[in-house]
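The next block holds one structure in the form of structure tokens; read it before the comments.
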Amino acid sequence: MLPLSSLKAWEVGVVVDINGEPGFMSRISATGFIPNTEVTMVRNWKWGPLIVFVRDTKMALGRSEAEKIMVRKNVK
Amino acid sequence: MNTTEQKTIALAGQPNTGKSTIFNRLTGSNQHTGNWPGKTVEKKEGTFEYKDQAYQMVDLPGTYSLTANSAEEIITRDYIIKENPDILVVVVDASQLERTLYLAAGISMLRVKTIVALNMVDVAEKEGRQFSPEIMGKQMGVEVIPMVASRNKGISELLEAIRESVETTNINEKSAQQEFEGDVLAQLNDIKSQIKGFVPSPYREEWAALKLLEGDEEICQIMQESLGSDRWLELSKIVNGNQSLLVASSKYEWIQKIVSASEIGTPNKKTLLAKRHKFDRVATHPVWGIFVAFGVLLLAIVVAVSFGSLGMPFLHGVSLASDGARTLLESGPEWLSSMFADGIIVGVGLAFALSFFLIGVFIVVGFLEDVGYLPRLAYVFDMFMQRLGLHGKSFMPFLMGAGCNIIGVLSTRVVDSWRQRLVTVLLIPIIPCYAVWAIVSFIGTIFFGVKTTLVVVALLMTAVIHLVITSFLLRRFIVKGKSTGLIMELPPYHKPNLKAIWTYTWINLKSYLKRGFSVIALTSLIVWFFAYFPDGNIETSFLASTGKLLNPIGSLMGCDWRLMVALIVAVAAKESALSTIAIVYGIGQGLSSVTGLAAVAPDGGVNHAVLATTLIQNISPESALAFLFALTFSVPCSATIAALYMETKSLKWTAGAAAYYTFASLVAGIIAYHMALLIF
């Protein structure tokens, strides 16, 4: 299990858990991040916000937001 | 005319689903905007008729879900629950179906006749995804209308579905129903049995139970009150606020069932993503993205200004009309001809000239919004804006504001969260506009020569400090609320839709004509009044005596009454400050340049060489510096104030901002003066 922010570009992961206060949880789950969802990292530089493809949407996430989402790497 | 009762349709949908396109298609120009009561969130309403039935349509704010996270979400759900619209149209985007259906899942627990508008089926099809609206409808229990709202496809089908729905009396036939299973169902039943009979109307037990499970703040509070502490304690054993993920998962399970049942064929997600990422490879690149952004914004400003210059020939007309009025009214009392020539005609002319400018801005902003580039811009500048406590989306208004504050304030429409938008709107006046730079370079060169560059740097640094402090104060004490990090959707790019851009432009222009126009014209008239009366001579006018009254404050920053008058007049238009100085030092060209014509005549009607000599003889460099600081950070010009009012729709916010910036300007002037006394 590792934070979403540590996935490299074009790596695929599956959401395991999300931490944070209730407001954040309901906002992030509304945009499609919930356990067992497959996510693809699209852009992740060392700094700044990242871009993740989740369900059928490209989402920009702040780095600290992405750190609250725990994923496991999807090794196929 | 019909005599039947008007029916109410509420329009809901997530941001970027084309909700406003549908709203504009149905209501055309029969719409008006205001604010939701007690909130600074924009409320759009419109009317239309279809087959002898009158409809009122309410455009609910775009929201991702229906929890109590933001003002937008509370407004949306309160409206549906408390105002009982006859029909609710939920817009979803076929190209991003799963996520956009999430709001529909939230709505499915509210008992309201629902129609789902499945928009952008063309985009989805191009990406290889097709859905059967019949199966989707059957799965959800409502009618699903496939649409391409931007090309007017599906609008008549939607109207027909609305008509049919109005005639249906059985609400069960027409409202969506999400079914729950397993764990969630068991917990819901548990909660329901405990709150039975305690749910205050108009809330429904089922819905309240779900919201309690989600840990919704507002509903928890309401139920805590109605249950009393003992029962609430008992309930808290199940409701601990940590089940929101579970509820969200159950909603997505429901959605997935609908999607996989109604999807024709299976799309390849890899190629879908690759297709969507083509332009974004450059547009969201940490280095190239910034180049793209500045390129786009530069082009945007050029286009906006070109439209503005279309109004220039009209300005010559203003001077002519002003002269004409003077000649025509020569025989009448002098104040009357001056009122028309220097006050009314100039003010109205200025307000008119501005509307050309605004058309350009609205077209540009409408275009960028329509094609979907703006979220990329926000992404690229997010890190920088976060330092100011703002969202990346506030970057564009700030940059546009450096050209002209009015443009900046009006382009804050791209900021979709109302709290962020209000903060951005209120911060824009800090950014010095081109008129300020023109005056700074003119007066600066006279007094400081090459060192003017240093003055400019000092002003810019002050602006940044001012931004940081004001932004902090605003967020800490005034526009309170939780500051959430970046969670922003990057929607697929769309082909620009000219009709949508034009509707956007026209509606915003109408709003300007209604709210902004009169403020600008009136300010000119008021300034004229105080500059003319009591005896037609500005040096003995009310304006001059006000300036003299301000002497105690003026002396703190080394500015005599003349400079104070110039600061006051800058409210009409910043450009007027220069021509006012010229007049009060006895070398100007008449009152019309005070009331606003300076803004429209390129040289301000002032002989610069003469003015320079006069200024050097009369003002010390310290005072000049203080004046520049006070002017740069002074109250926004009347047009910007009008724009502030248009955007916030609140006199309180507008007046508050004006008062704050007046104060800040004096502080900046006083500090600059005393620093200068130490340094020079």
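Each chain of the structure tokens is named A, B, ... in the order shown, its residues numbered from 1; ligands are numbered from 1 in display order.
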
For the interface of chain A with chain B (cut-off 10 Å, counting only C-alpha atoms), please tabulate each contacting residue of chain A alongside its nearest pair of atoms and their separation in Å to one decimal, rows sorted by chain and increasing number, as a tab-separated table.
residue	atom	partner	partner_atom	distance
A:Asp17	CA	B:Leu245	CA	9.1
A:Ile18	CA	B:Leu245	CA	8.3
A:Glu21	CA	B:Asn242	CA	9.4
A:Pro22	CA	B:Gly241	CA	7.3
A:Gly23	CA	B:Asn69	CA	6.1
A:Phe24	CA	B:Thr484	CA	7.5
A:Met25	CA	B:Ser244	CA	7.1
A:Ser26	CA	B:Ser244	CA	6.3
A:Arg27	CA	B:Asn69	CA	7.7
A:Ile28	CA	B:Ile487	CA	7.4
A:Ser29	CA	B:Ala248	CA	6.1
A:Ala30	CA	B:Ser65	CA	6.1
A:Thr31	CA	B:Arg99	CA	6.1
A:Gly32	CA	B:Arg99	CA	6.0
A:Phe33	CA	B:Ala248	CA	9.1
A:Ile34	CA	B:Ser249	CA	6.2
A:Pro35	CA	B:Ser249	CA	7.5
A:Asn36	CA	B:Ser249	CA	9.1
A:Thr37	CA	B:Ser249	CA	9.6
A:Thr40	CA	B:Leu273	CA	9.4
A:Val42	CA	B:His277	CA	8.6
A:Arg43	CA	B:Thr284	CA	8.3
A:Asn44	CA	B:Pro286	CA	9.9
A:Trp45	CA	B:Pro286	CA	8.1
A:Trp47	CA	B:Met383	CA	8.7
A:Gly48	CA	B:Met383	CA	5.7
A:Pro49	CA	B:Tyr379	CA	7.2
A:Leu50	CA	B:Tyr379	CA	8.7
A:Ile51	CA	B:Leu490	CA	8.6
A:Val52	CA	B:Glu489	CA	9.6
A:Phe53	CA	B:Leu273	CA	7.7
A:Val54	CA	B:Arg99	CA	9.1
A:Arg55	CA	B:Glu98	CA	6.8
A:Asp56	CA	B:Gln96	CA	5.1
A:Thr57	CA	B:Gln96	CA	6.0
A:Lys58	CA	B:Leu490	CA	5.3
A:Met59	CA	B:Glu489	CA	4.4
A:Ala60	CA	B:Met488	CA	5.0
A:Leu61	CA	B:Ile487	CA	4.8
A:Gly62	CA	B:Leu486	CA	4.8
A:Arg63	CA	B:Leu486	CA	8.5
A:Ser64	CA	B:Gly485	CA	7.8
A:Glu65	CA	B:Gly485	CA	6.7
A:Ala66	CA	B:Ile487	CA	9.4

Do a neighbour search on B:Glu234 at 12 Å with only C-alpha atoms, toss out local chain neighbours closer than 2 positions, and write the hits as a compact mmCIF listing (two decimals) with C-alpha atoms, in the first residue's frame.
# COMPACT_ATOMS: atom_id res chain seq x y z
CA ASP B 190 -31.40 0.23 11.58
CA ILE B 191 -31.23 4.01 11.46
CA SER B 193 -36.24 2.35 12.89
CA GLN B 194 -34.55 4.67 15.39
CA ILE B 195 -35.58 7.94 13.78
CA GLN B 224 -29.78 15.73 17.19
CA LEU B 227 -34.26 13.29 18.85
CA GLY B 228 -33.04 14.67 22.16
CA SER B 229 -29.74 13.70 23.72
CA ASP B 230 -30.62 10.17 24.89
CA ARG B 231 -31.92 8.91 21.60
CA TRP B 232 -29.13 10.70 19.74
CA SER B 236 -24.46 7.68 17.47
CA LYS B 237 -23.46 4.07 17.93
CA ILE B 238 -24.34 3.43 14.30
CA VAL B 239 -23.84 6.93 12.96
CA ASN B 240 -20.24 7.83 13.56

| task | Kindly give the distance, in Å, that separates atom CA of B:Leu374 and atom CA of B:Gly289, rounded to a single decimal. | result | 12.1 Å

A:Leu7: which residues within 9 Å, counting only C-alpha atoms, same-chain residues fewer than 4 positions away excluded, as a PDB file with C-alpha atoms, in the first residue's frame?
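Done, and the output landed in part37.pdb:
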ATOM      1  CA  LEU A   2       1.384   3.392  -0.924  1.00  0.00           C
ATOM      2  CA  PRO A   3       0.039   6.936  -1.341  1.00  0.00           C
ATOM      3  CA  GLU A  11       1.370   3.577 -13.609  1.00  0.00           C
ATOM      4  CA  VAL A  12      -1.936   2.013 -12.661  1.00  0.00           C
ATOM      5  CA  GLY A  13      -3.165   1.463  -9.123  1.00  0.00           C
ATOM      6  CA  THR A  40      -4.094   5.757 -13.788  1.00  0.00           C
ATOM      7  CA  MET A  41      -1.483   8.389 -13.026  1.00  0.00           C
ATOM      8  CA  ASN A  44       3.263  13.449 -11.706  1.00  0.00           C
ATOM      9  CA  VAL A  71      -3.440   2.663  -3.433  1.00  0.00           C
ATOM     10  CA  LYS A  73       0.059  -0.954  -7.516  1.00  0.00           C
TER      11      LYS A  73
END
